[in-house]
Amino acid sequence: MNSISINNNSIERKIYNNEPVVTFKDIDLVHERPEGTASRNFRTNKKHFIENVDFYNVTTEKCKSDEIRRAGFNNPRGGYLFTESGYLMLVKSFTDDLAWEVQRQLVNSYFRLKEISNNEPYKIKNKSYQGVPCMTIKDLAFLCGYDRSSVGAYIRENSLGELLTYNKLKDFKRENTDYEDVMCSLYVLYKDDVFNIIDNFRKLKECKEFLDEYFKDKYFEPISDMKILKELMNLKMIRQITNNFSLNEQMRMEFDYIISKEYVKLGFLDKPVNDLNINHREGWNLLCNIANWKNGLERK
């Protein structure tokens, strides 16, 4: 395990879930705060933190795993490991001159070490989830030229993309067998999300050609107009049938999500959604897209 000196205090660099992490003890040490300060900040503001994104909860059972041992976390009682975004959230209240300098050192020398030492240039590989082209925070950070924590913060603040955990994450890994990063959770960003993010970070002009090619419909087999019409009729009928049943809200949203994936394959939606009701933006956009397509068909 590598030791890194931050503010003249040495801490062991820990890697968990393929990214650098720190403990409460590390944070208190390098910021020269009384023991328990970082822990108290976390308890006070825990509702703002996202598990498996900003922090990992290492239970006593997980402490027995080889991954935790390799990470350098050796507290048999368990505890919390914080990612870069979690660390920066924890120390928001540390505003003295020393705190700013320590944050700079920790981000540049601790969280960035892997990226600096990796001589291989990063290359964005085509990825999809349930047949829909998508990107990850890592891809977007590379395109925008910003760190992942900044891009991730913007994504969470604007409720963009989809957070994959458990079975959904397994599905993603099965679909993208060459995806090498090991993780407990993953944000996937679809076409509209990606263009929103790239535009926010003022990189749309230089990235648009690449993005247009990445999200091109080459992922889908060409479908004849007659087949599309038949599929649209079937989907409309399926949704009408499901609406005739007294389904609770959760079940109705699950059915809409499944149906919406078919609309994505047909090119009428950019990503799966949970609500196809025309009173919602996605449902209204879907209705307009279908109407415009049919109008174009009549003009042929």
# chains A, B, ... in the order shown; residues from 1 in each chain; ligands from 1
call {"tool": "residues_around", "arguments": {"residues": "A:Asn75", "least_positions_apart": "3", "cutoff": "8 Å", "atoms": "only C-alpha atoms", "output": "NGL selection string"}}
result
:A and (63 or 78-79)
call {"tool": "residues_around", "arguments": {"residues": "stretch 268-270 of chain A", "least_positions_apart": "3", "cutoff": "8 Å", "atoms": "only C-alpha atoms", "output": "ChimeraX atom specification"}}
result
/A:132,190-192,260,263-265,286,289-290
call {"tool": "select_by_dssp", "arguments": {"residues": "stretch 15-183 of chain A", "states": "strand (DSSP E)", "output": "VMD selection string"}}
result
chain A and resid 15 to 16 19 to 21 55 to 58 79 to 82 127 to 129 132 to 134 162 to 165
call {"tool": "select_by_dssp", "arguments": {"residues": "stretch 15-253 of chain A", "states": "alpha helix (DSSP H)", "output": "VMD selection string"}}
result
chain A and resid 24 to 30 37 to 45 66 to 71 84 to 90 97 to 106 113 to 117 137 to 144 148 to 157 166 to 175 191 to 200 204 to 214 225 to 243 249 to 253
call {"tool": "atom_distance", "arguments": {"atom1": "atom CA of A:Tyr257", "atom2": "atom CA of A:Thr177"}}
result
24.2 Å
call {"tool": "closest_atom_pairs", "arguments": {"of": "stretch 84-116 of chain A", "to": "stretch 142-155 of chain A", "cutoff": "10 Å", "atoms": "only C-alpha atoms", "output": "CSV"}}
result
residue,atom,partner,partner_atom,distance
A:Glu84,CA,A:Ser149,CA,6.6
A:Ser85,CA,A:Ser149,CA,5.0
A:Gly86,CA,A:Ser149,CA,8.8
A:Leu88,CA,A:Ser149,CA,8.7
A:Val107,CA,A:Asp147,CA,9.8
A:Arg112,CA,A:Asp147,CA,9.2
call {"tool": "write_last_selection", "arguments": {"atoms": "N, CA and C atoms", "output": "mmCIF file, in the first residue's frame"}}
result
data_model
loop_
_atom_site.group_PDB
_atom_site.id
_atom_site.type_symbol
_atom_site.label_atom_id
_atom_site.label_comp_id
_atom_site.auth_asym_id
_atom_site.auth_seq_id
_atom_site.Cartn_x
_atom_site.Cartn_y
_atom_site.Cartn_z
ATOM 1 N N GLU A 84 -14.114 10.624 -3.727
ATOM 2 C CA GLU A 84 -13.721 12.034 -3.851
ATOM 3 C C GLU A 84 -14.911 12.955 -3.635
ATOM 4 N N SER A 85 -16.066 12.625 -4.240
ATOM 5 C CA SER A 85 -17.238 13.489 -4.075
ATOM 6 C C SER A 85 -17.701 13.506 -2.624
ATOM 7 N N GLY A 86 -17.654 12.339 -1.961
ATOM 8 C CA GLY A 86 -18.054 12.278 -0.560
ATOM 9 C C GLY A 86 -17.122 13.070 0.332
ATOM 10 N N LEU A 88 -15.281 15.707 -0.518
ATOM 11 C CA LEU A 88 -15.482 17.142 -0.732
ATOM 12 C C LEU A 88 -16.765 17.634 -0.061
ATOM 13 N N VAL A 107 -6.875 16.175 -3.373
ATOM 14 C CA VAL A 107 -7.474 15.914 -4.688
ATOM 15 C C VAL A 107 -6.386 15.644 -5.726
ATOM 16 N N ARG A 112 -6.152 11.814 -7.640
ATOM 17 C CA ARG A 112 -5.780 11.867 -9.048
ATOM 18 C C ARG A 112 -4.603 10.962 -9.396
#
call {"tool": "residues_around", "arguments": {"residues": "A:Lys294", "least_positions_apart": "2", "cutoff": "12 Å", "atoms": "only C-alpha atoms", "output": "list in words"}}
result
Asp225, Met226, Ile228, Leu229, Leu232, Phe268, Leu287, Cys288, Asn289, Ile290, Ala291, Asn292, Gly296, Leu297, Glu298, Arg299 and Lys300 of chain A
call {"tool": "atom_distance", "arguments": {"atom1": "atom CA of A:Glu157", "atom2": "atom CA of A:Leu204"}}
result
20.0 Å
call {"tool": "closest_residue", "arguments": {"among": "A:Ile241, A:Val188, A:Leu81, A:Met253", "to": "A:Thr59", "atoms": "only C-alpha atoms"}}
result
A:Leu81
call {"tool": "atom_distance", "arguments": {"atom1": "atom CA of A:Lys230", "atom2": "atom CA of A:Pro272"}}
result
20.2 Å
